[in-house]
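Pasting coords_38.cif here (mmCIF, C-alpha atoms and all ligand atoms):
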data_run
loop_
_atom_site.group_PDB
_atom_site.id
_atom_site.type_symbol
_atom_site.label_atom_id
_atom_site.label_comp_id
_atom_site.auth_asym_id
_atom_site.auth_seq_id
_atom_site.Cartn_x
_atom_site.Cartn_y
_atom_site.Cartn_z
ATOM 1 C CA MET A 30 -4.194 3.926 1.600
ATOM 2 C CA GLU A 31 -3.759 3.602 -2.153
ATOM 3 C CA HIS A 32 -0.729 5.896 -1.834
ATOM 4 C CA SER A 33 1.026 3.709 0.738
ATOM 5 C CA MET A 34 3.915 1.509 -0.272
ATOM 6 C CA THR A 35 3.409 -1.962 -1.655
ATOM 7 C CA GLU A 36 5.045 -3.955 1.060
ATOM 8 C CA GLU A 37 3.841 -7.260 -0.314
ATOM 9 C CA ASP A 38 6.641 -6.655 -2.789
ATOM 10 C CA PRO A 39 9.447 -8.072 -0.609
ATOM 11 C CA ASN A 40 11.484 -4.923 -0.932
ATOM 12 C CA GLY A 41 12.513 -5.667 -4.475
ATOM 13 C CA ASN A 42 10.839 -2.383 -5.398
ATOM 14 C CA THR A 43 9.887 -4.115 -8.599
ATOM 15 C CA THR A 44 6.177 -3.412 -8.838
ATOM 16 C CA LEU A 45 6.686 0.320 -8.981
ATOM 17 C CA ALA A 46 8.020 1.753 -12.168
ATOM 18 C CA PRO A 47 9.723 5.070 -11.384
ATOM 19 C CA VAL A 48 7.746 8.089 -12.503
ATOM 20 C CA ASN A 49 10.798 9.146 -14.433
ATOM 21 C CA ALA A 50 13.510 6.524 -14.870
ATOM 22 C CA SER A 51 16.268 9.130 -15.048
ATOM 23 C CA VAL A 52 15.300 10.465 -11.614
ATOM 24 C CA GLY A 53 15.543 7.071 -9.911
ATOM 25 C CA PRO A 54 13.197 4.970 -7.754
ATOM 26 C CA ARG A 55 10.857 6.714 -5.319
ATOM 27 C CA TRP A 56 11.733 4.277 -2.529
ATOM 28 C CA GLY A 57 13.346 0.938 -1.843
ATOM 29 C CA PRO A 58 16.912 -0.344 -1.448
ATOM 30 C CA THR A 59 18.104 1.124 -4.771
ATOM 31 C CA HIS A 60 16.981 4.662 -3.879
ATOM 32 C CA GLY A 61 20.122 6.835 -3.810
ATOM 33 C CA GLY A 62 19.341 8.368 -0.414
ATOM 34 C CA ALA A 63 18.543 4.961 1.107
ATOM 35 C CA ARG A 64 21.879 3.571 -0.075
ATOM 36 C CA GLU A 65 23.772 6.551 1.316
ATOM 37 C CA LEU A 66 21.969 6.324 4.682
ATOM 38 C CA ALA A 67 22.520 2.558 4.954
ATOM 39 C CA SER A 68 26.249 3.119 4.387
ATOM 40 C CA LEU A 69 26.407 5.440 7.428
ATOM 41 C CA TYR A 70 25.777 2.525 9.841
ATOM 42 C CA THR A 71 29.186 2.049 11.497
ATOM 43 C CA LYS A 72 30.806 -0.775 13.431
ATOM 44 C CA TRP A 73 31.049 1.517 16.502
ATOM 45 C CA LYS A 74 27.315 2.096 16.393
ATOM 46 C CA ARG A 75 26.907 -1.653 16.261
ATOM 47 C CA VAL A 76 29.149 -2.063 19.328
ATOM 48 C CA GLN A 77 27.045 0.515 21.212
ATOM 49 C CA GLU A 78 23.859 -1.370 20.288
ATOM 50 C CA LEU A 79 25.356 -4.701 21.352
ATOM 51 C CA ILE A 80 26.393 -3.283 24.742
ATOM 52 C CA CYS A 81 22.987 -1.643 25.287
ATOM 53 C CA VAL A 82 21.023 -4.822 24.457
ATOM 54 C CA SER A 83 23.270 -6.882 26.766
ATOM 55 C CA VAL A 84 23.151 -4.455 29.717
ATOM 56 C CA SER A 85 19.402 -3.929 29.398
ATOM 57 C CA ALA A 86 18.701 -7.685 29.139
ATOM 58 C CA VAL A 87 20.789 -8.408 32.258
ATOM 59 C CA LEU A 88 19.076 -5.597 34.205
ATOM 60 C CA MET A 89 15.670 -6.802 33.048
ATOM 61 C CA GLY A 90 16.413 -10.357 34.188
ATOM 62 C CA MET A 91 17.646 -9.160 37.594
ATOM 63 C CA ASN A 92 14.555 -7.025 38.084
ATOM 64 C CA VAL A 93 12.327 -10.020 37.257
ATOM 65 C CA VAL A 94 14.127 -12.085 39.919
ATOM 66 C CA TYR A 95 13.689 -9.363 42.552
ATOM 67 C CA MET A 96 10.087 -8.589 41.582
ATOM 68 C CA ALA A 97 8.802 -12.188 41.279
ATOM 69 C CA PRO A 98 8.202 -12.748 45.044
ATOM 70 C CA TYR A 99 5.842 -9.742 45.102
ATOM 71 C CA VAL A 100 3.563 -11.226 42.426
ATOM 72 C CA ARG A 101 0.799 -13.196 44.162
ATOM 73 C CA TRP A 102 -2.865 -13.937 43.459
ATOM 74 C CA GLU A 103 -3.978 -10.755 45.212
ATOM 75 C CA THR A 104 -1.569 -8.598 43.176
ATOM 76 C CA VAL A 105 -2.656 -10.008 39.773
ATOM 77 C CA PRO A 106 -5.200 -7.176 39.189
ATOM 78 C CA THR A 107 -2.453 -4.647 39.992
ATOM 79 C CA VAL A 108 -0.093 -6.332 37.522
ATOM 80 C CA GLY A 109 -2.843 -6.328 34.865
ATOM 81 C CA ALA A 110 -3.740 -2.654 35.372
ATOM 82 C CA ALA A 111 -0.064 -1.627 35.456
ATOM 83 C CA THR A 112 0.629 -3.534 32.229
ATOM 84 C CA LEU A 113 -2.348 -1.950 30.461
ATOM 85 C CA ALA A 114 -1.304 1.534 31.607
ATOM 86 C CA SER A 115 2.258 0.859 30.460
ATOM 87 C CA MET A 116 1.012 -0.119 26.996
ATOM 88 C CA PHE A 117 -0.800 3.210 26.615
ATOM 89 C CA THR A 118 2.213 5.137 27.941
ATOM 90 C CA ALA A 119 4.716 3.296 25.729
ATOM 91 C CA ASP A 120 2.471 3.890 22.707
ATOM 92 C CA PHE A 121 2.348 7.628 23.432
ATOM 93 C CA PHE A 122 6.111 7.901 23.903
ATOM 94 C CA SER A 123 6.783 5.815 20.794
ATOM 95 C CA GLY A 124 4.718 8.392 18.909
ATOM 96 C CA LEU A 125 6.435 11.353 20.529
ATOM 97 C CA VAL A 126 9.972 10.088 19.872
ATOM 98 C CA HIS A 127 9.085 8.928 16.346
ATOM 99 C CA TRP A 128 7.414 12.264 15.557
ATOM 100 C CA GLY A 129 10.362 14.234 16.967
ATOM 101 C CA ALA A 130 12.946 12.233 15.020
ATOM 102 C CA ASP A 131 10.928 12.243 11.759
ATOM 103 C CA THR A 132 10.030 15.906 11.876
ATOM 104 C CA TRP A 133 12.991 17.826 13.282
ATOM 105 C CA GLY A 134 16.768 17.796 13.138
ATOM 106 C CA SER A 135 19.068 16.568 10.434
ATOM 107 C CA VAL A 136 21.402 13.669 9.701
ATOM 108 C CA ASP A 137 24.172 16.308 9.587
ATOM 109 C CA LEU A 138 23.788 17.061 13.326
ATOM 110 C CA PRO A 139 26.799 15.891 15.338
ATOM 111 C CA ILE A 140 26.425 12.421 16.915
ATOM 112 C CA ILE A 141 22.620 12.257 17.127
ATOM 113 C CA GLY A 142 22.170 12.918 13.388
ATOM 114 C CA LYS A 143 24.237 10.062 12.023
ATOM 115 C CA HIS A 144 23.562 7.596 14.844
ATOM 116 C CA TYR A 145 19.977 8.228 15.946
ATOM 117 C CA LEU A 146 18.129 10.205 13.236
ATOM 118 C CA ARG A 147 19.622 8.308 10.271
ATOM 119 C CA PRO A 148 17.489 5.146 10.804
ATOM 120 C CA PHE A 149 14.295 7.242 10.730
ATOM 121 C CA ARG A 150 15.270 8.838 7.388
ATOM 122 C CA GLU A 151 16.260 5.486 5.924
ATOM 123 C CA HIS A 152 12.995 3.920 7.083
ATOM 124 C CA HIS A 153 10.833 6.328 5.073
ATOM 125 C CA ILE A 154 12.614 5.820 1.768
ATOM 126 C CA ASP A 155 13.328 2.111 2.262
ATOM 127 C CA PRO A 156 10.590 1.001 4.700
ATOM 128 C CA THR A 157 11.272 -2.713 4.564
ATOM 129 C CA SER A 158 15.020 -2.329 5.187
ATOM 130 C CA ILE A 159 14.023 -2.855 8.831
ATOM 131 C CA THR A 160 13.010 -6.419 7.953
ATOM 132 C CA ARG A 161 16.598 -7.107 6.840
ATOM 133 C CA HIS A 162 18.069 -5.726 10.078
ATOM 134 C CA ASP A 163 18.971 -8.291 12.745
ATOM 135 C CA PHE A 164 17.828 -8.177 16.391
ATOM 136 C CA ILE A 165 20.699 -5.941 17.548
ATOM 137 C CA GLU A 166 20.327 -3.274 14.845
ATOM 138 C CA THR A 167 16.536 -3.276 15.168
ATOM 139 C CA ASN A 168 16.374 -3.029 18.960
ATOM 140 C CA GLY A 169 19.682 -1.552 20.192
ATOM 141 C CA ASP A 170 18.506 2.047 20.593
ATOM 142 C CA ASN A 171 15.238 1.119 22.295
ATOM 143 C CA PHE A 172 17.061 -1.111 24.772
ATOM 144 C CA MET A 173 19.429 1.810 25.436
ATOM 145 C CA LEU A 174 16.496 4.005 26.546
ATOM 146 C CA THR A 175 15.431 1.457 29.177
ATOM 147 C CA ILE A 176 18.794 1.237 31.007
ATOM 148 C CA PRO A 177 18.376 4.238 33.392
ATOM 149 C CA PHE A 178 14.863 3.118 34.407
ATOM 150 C CA LEU A 179 15.887 -0.511 34.946
ATOM 151 C CA GLY A 180 18.911 0.692 36.936
ATOM 152 C CA TYR A 181 16.632 2.849 39.100
ATOM 153 C CA LEU A 182 14.259 -0.081 39.718
ATOM 154 C CA LEU A 183 17.053 -2.497 40.573
ATOM 155 C CA HIS A 184 18.654 0.009 42.938
ATOM 156 C CA GLY A 185 15.285 0.252 44.718
ATOM 157 C CA PHE A 186 14.879 -3.525 45.022
ATOM 158 C CA VAL A 187 18.381 -3.853 46.466
ATOM 159 C CA THR A 188 18.358 -0.920 48.903
ATOM 160 C CA LEU A 189 14.755 -0.227 50.018
ATOM 161 C CA PRO A 190 12.958 -2.015 52.886
ATOM 162 C CA ARG A 191 10.379 -4.662 51.952
ATOM 163 C CA SER A 192 7.496 -2.659 53.453
ATOM 164 C CA HIS A 193 8.309 0.268 51.139
ATOM 165 C CA LEU A 194 8.589 -2.024 48.101
ATOM 166 C CA ILE A 195 5.166 -3.548 48.904
ATOM 167 C CA SER A 196 3.506 -0.145 49.249
ATOM 168 C CA THR A 197 5.015 1.049 45.937
ATOM 169 C CA PHE A 198 4.581 -2.253 44.072
ATOM 170 C CA ALA A 199 1.975 -0.877 41.633
ATOM 171 C CA PHE A 200 4.337 1.912 40.516
ATOM 172 C CA ARG A 201 7.338 -0.458 40.223
ATOM 173 C CA CYS A 202 5.269 -2.936 38.258
ATOM 174 C CA TYR A 203 4.098 -0.163 35.917
ATOM 175 C CA LEU A 204 7.640 1.143 35.391
ATOM 176 C CA PHE A 205 9.005 -2.330 34.695
ATOM 177 C CA ALA A 206 6.209 -3.100 32.198
ATOM 178 C CA LEU A 207 6.865 0.282 30.569
ATOM 179 C CA THR A 208 10.566 -0.480 30.085
ATOM 180 C CA PHE A 209 9.620 -3.848 28.581
ATOM 181 C CA MET A 210 7.155 -2.266 26.140
ATOM 182 C CA ILE A 211 9.716 0.396 25.156
ATOM 183 C CA ALA A 212 12.356 -2.309 24.632
ATOM 184 C CA VAL A 213 10.145 -4.335 22.277
ATOM 185 C CA THR A 214 8.597 -1.398 20.384
ATOM 186 C CA ASN A 215 10.882 -1.472 17.360
ATOM 187 C CA GLN A 216 10.600 -5.263 17.152
ATOM 188 C CA ILE A 217 6.813 -4.790 17.022
ATOM 189 C CA HIS A 218 7.382 -2.113 14.374
ATOM 190 C CA LYS A 219 9.575 -4.513 12.387
ATOM 191 C CA TRP A 220 6.827 -7.169 12.529
ATOM 192 C CA SER A 221 4.340 -4.610 11.188
ATOM 193 C CA HIS A 222 6.490 -4.439 8.022
ATOM 194 C CA THR A 223 6.966 -8.209 7.747
ATOM 195 C CA TYR A 224 4.537 -9.876 5.371
ATOM 196 C CA PHE A 225 6.174 -13.310 5.208
ATOM 197 C CA GLY A 226 6.962 -15.964 7.782
ATOM 198 C CA LEU A 227 5.792 -14.228 10.959
ATOM 199 C CA PRO A 228 5.277 -16.606 13.913
ATOM 200 C CA ARG A 229 1.604 -17.445 14.483
ATOM 201 C CA PRO A 230 1.417 -15.838 17.988
ATOM 202 C CA VAL A 231 2.705 -12.541 16.525
ATOM 203 C CA VAL A 232 0.039 -12.568 13.803
ATOM 204 C CA MET A 233 -2.579 -13.294 16.482
ATOM 205 C CA LEU A 234 -1.394 -10.354 18.620
ATOM 206 C CA GLN A 235 -1.530 -8.128 15.513
ATOM 207 C CA SER A 236 -5.008 -9.406 14.581
ATOM 208 C CA CYS A 237 -6.284 -8.666 18.116
ATOM 209 C CA HIS A 238 -4.636 -5.217 17.892
ATOM 210 C CA LEU A 239 -2.656 -5.895 21.090
ATOM 211 C CA ILE A 240 0.454 -4.862 19.121
ATOM 212 C CA LEU A 241 0.755 -2.617 16.042
ATOM 213 C CA PRO A 242 -1.111 -4.277 13.134
ATOM 214 C CA ARG A 243 0.409 -4.249 9.646
ATOM 215 C CA ILE A 244 -2.437 -2.464 7.860
ATOM 216 C CA HIS A 245 -2.679 0.142 10.639
ATOM 217 C CA HIS A 246 0.982 1.187 10.325
ATOM 218 C CA ARG A 247 0.658 1.724 6.592
ATOM 219 C CA TYR A 248 -1.233 4.961 7.305
ATOM 220 C CA HIS A 249 2.081 6.376 8.533
ATOM 221 C CA HIS A 250 3.925 5.330 5.384
ATOM 222 C CA VAL A 251 2.067 7.706 3.124
ATOM 223 C CA SER A 252 4.259 10.623 2.088
ATOM 224 C CA PRO A 253 4.850 13.114 3.725
ATOM 225 C CA HIS A 254 4.687 10.811 6.810
ATOM 226 C CA GLU A 255 2.839 13.294 9.007
ATOM 227 C CA THR A 256 0.497 11.135 11.102
ATOM 228 C CA TYR A 257 0.063 7.749 12.899
ATOM 229 C CA TYR A 258 3.460 7.952 14.627
ATOM 230 C CA CYS A 259 2.604 5.585 17.522
ATOM 231 C CA ILE A 260 4.187 2.188 16.860
ATOM 232 C CA THR A 261 3.856 0.084 20.029
ATOM 233 C CA THR A 262 0.142 -0.753 19.984
ATOM 234 C CA GLY A 263 -1.064 2.062 17.717
ATOM 235 C CA TRP A 264 -4.017 2.596 20.093
ATOM 236 C CA LEU A 265 -3.432 6.351 20.352
ATOM 237 C CA ASN A 266 -3.040 7.066 16.636
ATOM 238 C CA TRP A 267 -6.693 7.638 15.883
ATOM 239 C CA PRO A 268 -7.482 9.847 18.955
ATOM 240 C CA LEU A 269 -4.307 11.913 18.444
ATOM 241 C CA GLU A 270 -5.178 12.367 14.766
ATOM 242 C CA ARG A 271 -8.751 13.369 15.697
ATOM 243 C CA ILE A 272 -7.527 16.198 17.943
ATOM 244 C CA LYS A 273 -4.782 17.118 15.420
ATOM 245 C CA PHE A 274 -2.217 16.661 18.200
ATOM 246 C CA TRP A 275 0.865 16.488 15.948
ATOM 247 C CA THR A 276 -0.287 19.388 13.774
ATOM 248 C CA TRP A 277 -0.777 21.611 16.821
ATOM 249 C CA LEU A 278 2.594 20.605 18.254
ATOM 250 C CA GLU A 279 4.351 21.311 14.955
ATOM 251 C CA SER A 280 2.657 24.703 14.608
ATOM 252 C CA ALA A 281 3.804 25.639 18.119
ATOM 253 C CA ILE A 282 7.398 24.617 17.420
ATOM 254 C CA THR A 283 7.471 26.370 14.048
ATOM 255 C CA TYR A 284 6.051 29.495 15.711
ATOM 256 C CA LEU A 285 8.682 29.392 18.469
ATOM 257 C CA THR A 286 11.746 28.397 16.446
ATOM 258 C CA GLY A 287 10.963 29.127 12.802
ATOM 259 C CA ALA A 288 11.997 25.539 11.898
ATOM 260 C CA LYS A 289 10.099 23.850 9.070
ATOM 261 C CA PRO A 290 8.739 20.341 9.800
ATOM 262 C CA ARG A 291 10.162 17.386 7.816
ATOM 263 C CA ASP A 292 12.719 19.541 5.976
ATOM 264 C CA ASP A 293 15.511 16.965 6.279
ATOM 265 C CA ASP A 294 13.158 14.045 5.566
ATOM 266 C CA MET A 295 12.100 15.685 2.274
ATOM 267 C CA LYS A 296 15.704 16.365 1.358
ATOM 268 C CA TRP A 297 16.604 12.670 1.671
ATOM 269 C CA ALA A 298 13.474 11.548 -0.177
ATOM 270 C CA GLN A 299 14.587 13.635 -3.161
ATOM 271 C CA LYS A 300 18.074 12.064 -3.362
ATOM 272 C CA ARG A 301 16.873 9.374 -5.721
ATOM 273 C CA GLN A 302 20.177 8.931 -7.503
ATOM 274 C CA PRO A 303 23.327 7.851 -5.646
ATOM 275 C CA THR A 304 25.574 10.856 -5.065
ATOM 276 C CA SER A 305 28.715 9.011 -6.145
HETATM 277 ZN ZN ZN A 401 8.218 7.660 10.420
HETATM 278 ZN ZN ZN A 402 7.377 1.834 9.656
#

Any chance you could put this one into structure tokens?
Ligand SMILES: [Zn+2]
Ligand SMILES: [Zn+2]
Amino acid sequence: MEHSMTEEDPNGNTTLAPVNASVGPRWGPTHGGARELASLYTKWKRVQELICVSVSAVLMGMNVVYMAPYVRWETVPTVGAATLASMFTADFFSGLVHWGADTWGSVDLPIIGKHYLRPFREHHIDPTSITRHDFIETNGDNFMLTIPFLGYLLHGFVTLPRSHLISTFAFRCYLFALTFMIAVTNQIHKWSHTYFGLPRPVVMLQSCHLILPRIHHRYHHVSPHETYYCITTGWLNWPLERIKFWTWLESAITYLTGAKPRDDDMKWAQKRQPTS
């Protein structure tokens, strides 16, 4: 923990004197790599995020309207169990996607590199940049992932007979809760980096470990960022670390492809000075 970043410093990067001033800061907004990565955020990416948040929010609202009549006293235990299961599932997938994006690929890859891997690279060398991102930039990509699932659910509510919807309610409830948890995962992640002015209910959820707590997520932000990838609730981080899940997965991929984990991440971390 002593090697994690001092996030109480509100991203001024002032409490850390660079090891060697001529090399540049080790992290923060003045890090050369962080500045270069931040500059790669385009207005077209922003438009995509805006569209995805809007479409997903509309689909979510419509699903709530269609699903509401099926929620009754006798289905409350089903809703509770489905929500709990969705929290575990979302946590696992948050870890899997985060691990994949942190560990493999490169910002130079066409389309996915600049638009979808870039934020992961930026986040490691300027971790609190996320706290300066607005709702759209923070959540656009997560909302995008939910659209096919919400579309599938809505199509079912509109076209399937009521008897079929009742018999599959538990599954539909689980899938809807899962899309919700996926949608809010990066907002939860942002809150885990926010040390000032968080709403009281958010701090309470963090304190009860119902969402990712701040201190818990700091285990991930220890270079070389090779563990504690789950960022929805963080519940699976300890068990996955115990069984060395990520290490085994990386060994298998390196064996099969010859690729070296975190190659691109290391490359960006070393770009301490601006390139121009
Ligand atoms: Zn990471
Ligand atoms: Zn983080």

Expected selection as a tab-separated table (two decimals) with C-alpha atoms, in the coordinates of the input for ligand ZN 402 (chain A) within 8 Å, only C-alpha atoms and all ligand atoms:
chain	number	residue	atom	x	y	z
A	152	HIS	CA	13.00	3.92	7.08
A	153	HIS	CA	10.83	6.33	5.07
A	156	PRO	CA	10.59	1.00	4.70
A	157	THR	CA	11.27	-2.71	4.56
A	218	HIS	CA	7.38	-2.11	14.37
A	219	LYS	CA	9.57	-4.51	12.39
A	221	SER	CA	4.34	-4.61	11.19
A	222	HIS	CA	6.49	-4.44	8.02
A	246	HIS	CA	0.98	1.19	10.32
A	247	ARG	CA	0.66	1.72	6.59
A	249	HIS	CA	2.08	6.38	8.53
A	250	HIS	CA	3.92	5.33	5.38
A	260	ILE	CA	4.19	2.19	16.86

Tell me which residues the PyMOL selection byres (((chain A and resi 256) around 8) and not hetatm) grabs here, as a PDB file with C-alpha atoms, in the coordinates of the input.
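After the write, selection-v6.pdb holds the following:
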ATOM      1  CA  TYR A 248      -1.233   4.961   7.305  1.00  0.00           C
ATOM      2  CA  HIS A 249       2.081   6.376   8.533  1.00  0.00           C
ATOM      3  CA  HIS A 254       4.687  10.811   6.810  1.00  0.00           C
ATOM      4  CA  GLU A 255       2.839  13.294   9.007  1.00  0.00           C
ATOM      5  CA  TYR A 257       0.063   7.749  12.899  1.00  0.00           C
ATOM      6  CA  TYR A 258       3.460   7.952  14.627  1.00  0.00           C
ATOM      7  CA  ASN A 266      -3.040   7.066  16.636  1.00  0.00           C
ATOM      8  CA  GLU A 270      -5.178  12.367  14.766  1.00  0.00           C
ATOM      9  CA  TRP A 275       0.865  16.488  15.948  1.00  0.00           C
TER      10      TRP A 275
END

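The nearest approach to Ile176 in chain A among the residues A:Phe209, A:Pro106, A:His245, A:Ala298, with all atoms listed in the file taken into account, belongs to A:Phe209.
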
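Atom to atom, CA of Thr261 in chain A and CA of Ser123 in chain A stand 6.5 Å apart.
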
> Which residues fall under the PyMOL selection byres (((chain A and resi 92-102) around 9) and not hetatm) in this file, as a ChimeraX atom specification?
Replying inline: /A:87-91,103-106,108,179-180,182-183,186-187,194-195,198,201-202,205

Using only C-alpha atoms, please write the residues we just selected to a file, as a JSON list (two decimals), keeping the file's coordinate frame.
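Listing of part_34.json after writing:
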[["chain", "number", "residue", "atom", "x", "y", "z"],
["A", 87, "VAL", "CA", 20.79, -8.41, 32.26],
["A", 88, "LEU", "CA", 19.08, -5.60, 34.20],
["A", 89, "MET", "CA", 15.67, -6.80, 33.05],
["A", 90, "GLY", "CA", 16.41, -10.36, 34.19],
["A", 91, "MET", "CA", 17.65, -9.16, 37.59],
["A", 103, "GLU", "CA", -3.98, -10.76, 45.21],
["A", 104, "THR", "CA", -1.57, -8.60, 43.18],
["A", 105, "VAL", "CA", -2.66, -10.01, 39.77],
["A", 106, "PRO", "CA", -5.20, -7.18, 39.19],
["A", 108, "VAL", "CA", -0.09, -6.33, 37.52],
["A", 179, "LEU", "CA", 15.89, -0.51, 34.95],
["A", 180, "GLY", "CA", 18.91, 0.69, 36.94],
["A", 182, "LEU", "CA", 14.26, -0.08, 39.72],
["A", 183, "LEU", "CA", 17.05, -2.50, 40.57],
["A", 186, "PHE", "CA", 14.88, -3.52, 45.02],
["A", 187, "VAL", "CA", 18.38, -3.85, 46.47],
["A", 194, "LEU", "CA", 8.59, -2.02, 48.10],
["A", 195, "ILE", "CA", 5.17, -3.55, 48.90],
["A", 198, "PHE", "CA", 4.58, -2.25, 44.07],
["A", 201, "ARG", "CA", 7.34, -0.46, 40.22],
["A", 202, "CYS", "CA", 5.27, -2.94, 38.26],
["A", 205, "PHE", "CA", 9.01, -2.33, 34.70]]

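Counting all atoms listed in the file and comparing A:Phe149, A:Trp73, A:Phe225, A:Trp56, the residue that lies closest to ligand ZN 401 (chain A) is A:Phe149.
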
>> Suppose a student applies the PyMOL selection byres (((chain A and resi 296) around 12) and not hetatm) to this structure; what residues should they get, written as number ranges by chain?
In response: A: 61-63, 132, 134-137, 150-151, 153-154, 253, 290-295, 297-301

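Note that the spacing between CA of Phe172 in chain A and CA of Thr160 in chain A amounts to 18.1 Å.
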
>> For a quick check of understanding, using all atoms listed in the file, which of A:Leu138, A:His193, A:Ile211, A:Trp264 has the smallest distance to Cys237 in chain A?
In response: A:Trp264

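Across A:Val251, A:Ile272, A:Leu241, A:Met210, the tightest approach to ligand ZN 401 (chain A) is made by A:Val251 when counting all atoms listed in the file.
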
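If only C-alpha atoms are the atoms counted, then among A:Leu204, A:Asp155, A:Arg271, A:Thr223 the closest residue to Ser115 in chain A is A:Leu204.
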
>> I'd like the interatomic distance between CA of Gly57 in chain A and CA of Ile244 in chain A, to a tenth of an Å.
In response: 18.8 Å

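Taking only C-alpha atoms and all ligand atoms into account, ligand ZN 401 (chain A) lies nearest to A:Leu125 out of the set A:Leu207, A:Val213, A:Leu125, A:Ala67.
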
>> I'd like the neighbourhood of Pro230 in chain A as number ranges by chain, where a residue qualifies if any of its atoms comes within 12 Å (using only C-alpha atoms), though same-chain residues fewer than 6 positions away should be ignored.
In response: A: 220, 236-237, 239-240
